[in-house]
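Inspection log for the structure reproduced underneath, given as structure tokens.
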Amino acid sequence: MTEKMEARIALCKCKEGRRAYGVRFEKDGSGWKYTWAFPVKEASAKREGYDATKITGSIGPDANYPGCPFCGAKSFIICVCGKLNCNNINMENANFTCDWCGTSGKLSGGYDGSGFGSGGDI
């Protein structure tokens, strides 16, 4: 019998042009792997429910993850608002401003698996 794969699309914002894109996450035994990214329009994202995705648990890239379709970043910053932003900042304790909520501060720590959502105005 074939096991059904669980997959979800979450929204992320790219700092370059503040554009949104979809990220496909697939559930595996150890958490979630992000496998694919694609540009998305606001109307399409809302219609498909991408603005209501919630993912909890560990996340990591699939070996073939292509990165952000705009800047090429292959990882994310999860803001205190719980939303994804491209991680195109390469140093710990760098200044960061969320493109979803505008919160600013220094980057710290790593993702603890507590979850994130991808809603909001895009």
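Naming works like this for the structure tokens: A, B, ... for the chains as they're shown, residue 1 at the start of each chain, ligands 1 onward in shown order.
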* **Contacts of A:Tyr50 at 6 Å (only C-alpha atoms; same-chain gap of 4+ positions) as a PyMOL selection string** => chain A and resi 9-10+45
* To do: Once DSSP has gone over the backbone, tell me which residues of stretch 37-89 of chain A are in alpha helix (DSSP H), as a ChimeraX atom specification.
  => /A:42-48
Residue subset to file, keeping C-alpha atoms, as a PDB file, in the first residue's frame:
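Below is the file that was written, out_7.pdb:
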```pdb
ATOM      1  CA  GLU A  42      -1.753  37.801  -4.282  1.00  0.00           C
ATOM      2  CA  ALA A  43      -5.106  36.695  -5.723  1.00  0.00           C
ATOM      3  CA  SER A  44      -3.843  33.160  -6.398  1.00  0.00           C
ATOM      4  CA  ALA A  45      -2.294  32.808  -2.939  1.00  0.00           C
ATOM      5  CA  LYS A  46      -5.515  33.778  -1.179  1.00  0.00           C
ATOM      6  CA  ARG A  47      -7.693  31.636  -3.458  1.00  0.00           C
ATOM      7  CA  GLU A  48      -5.488  28.585  -2.815  1.00  0.00           C
TER       8      GLU A  48
END
```
Could you give me, as CSV, a per-residue list for stretch 82-105 of chain A showing, wherever an atom lies at most 9 Å from an atom of stretch 68-74 of chain A, the closest pair of atoms and their distance in Å to one decimal, using only C-alpha atoms and sorting by chain then residue number from low to high?
```
residue,atom,partner,partner_atom,distance
A:Cys86,CA,A:Ala73,CA,6.0
A:Asn87,CA,A:Ala73,CA,6.0
A:Asn88,CA,A:Ala73,CA,5.5
```
Could those residues be written to a file, using N, CA, C and O atoms, as a PDB file, in the first residue's frame?
```pdb
ATOM      1  N   CYS A  86      12.868  35.671   3.424  1.00  0.00           N
ATOM      2  CA  CYS A  86      14.122  35.131   2.911  1.00  0.00           C
ATOM      3  C   CYS A  86      15.244  35.438   3.895  1.00  0.00           C
ATOM      4  O   CYS A  86      15.288  36.522   4.478  1.00  0.00           O
ATOM      5  N   ASN A  87      16.154  34.489   4.047  1.00  0.00           N
ATOM      6  CA  ASN A  87      17.344  34.737   4.851  1.00  0.00           C
ATOM      7  C   ASN A  87      18.507  34.995   3.904  1.00  0.00           C
ATOM      8  O   ASN A  87      19.236  34.098   3.535  1.00  0.00           O
ATOM      9  N   ASN A  88      18.633  36.249   3.491  1.00  0.00           N
ATOM     10  CA  ASN A  88      19.766  36.622   2.669  1.00  0.00           C
ATOM     11  C   ASN A  88      20.718  37.513   3.471  1.00  0.00           C
ATOM     12  O   ASN A  88      21.442  38.317   2.940  1.00  0.00           O
TER      13      ASN A  88
END
```
* Asked: Distance atom CA of A:Phe25-atom CA of A:Gly102, one decimal place?
  -> 25.1 Å
* To do: Find the residues near A:Ile55: any atom within 7 Å, counting only C-alpha atoms, skip ones fewer than 3 places away on the same chain, and give them as a PyMOL selection string.
  => chain A and resi 115-117
Expected file: the selected residues, N, CA, C and O atoms, as a tab-separated table (two decimals), in the first residue's frame:
```
chain	number	residue	atom	x	y	z
A	115	GLY	N	6.61	26.42	15.35
A	115	GLY	CA	5.64	26.63	14.27
A	115	GLY	C	5.69	28.02	13.70
A	115	GLY	O	6.24	28.95	14.27
A	116	PHE	N	5.13	28.13	12.51
A	116	PHE	CA	5.01	29.42	11.84
A	116	PHE	C	3.77	29.39	10.97
A	116	PHE	O	3.27	28.33	10.61
A	117	GLY	N	3.27	30.57	10.66
A	117	GLY	CA	2.14	30.72	9.78
A	117	GLY	C	2.56	31.56	8.60
A	117	GLY	O	3.57	32.24	8.65
```
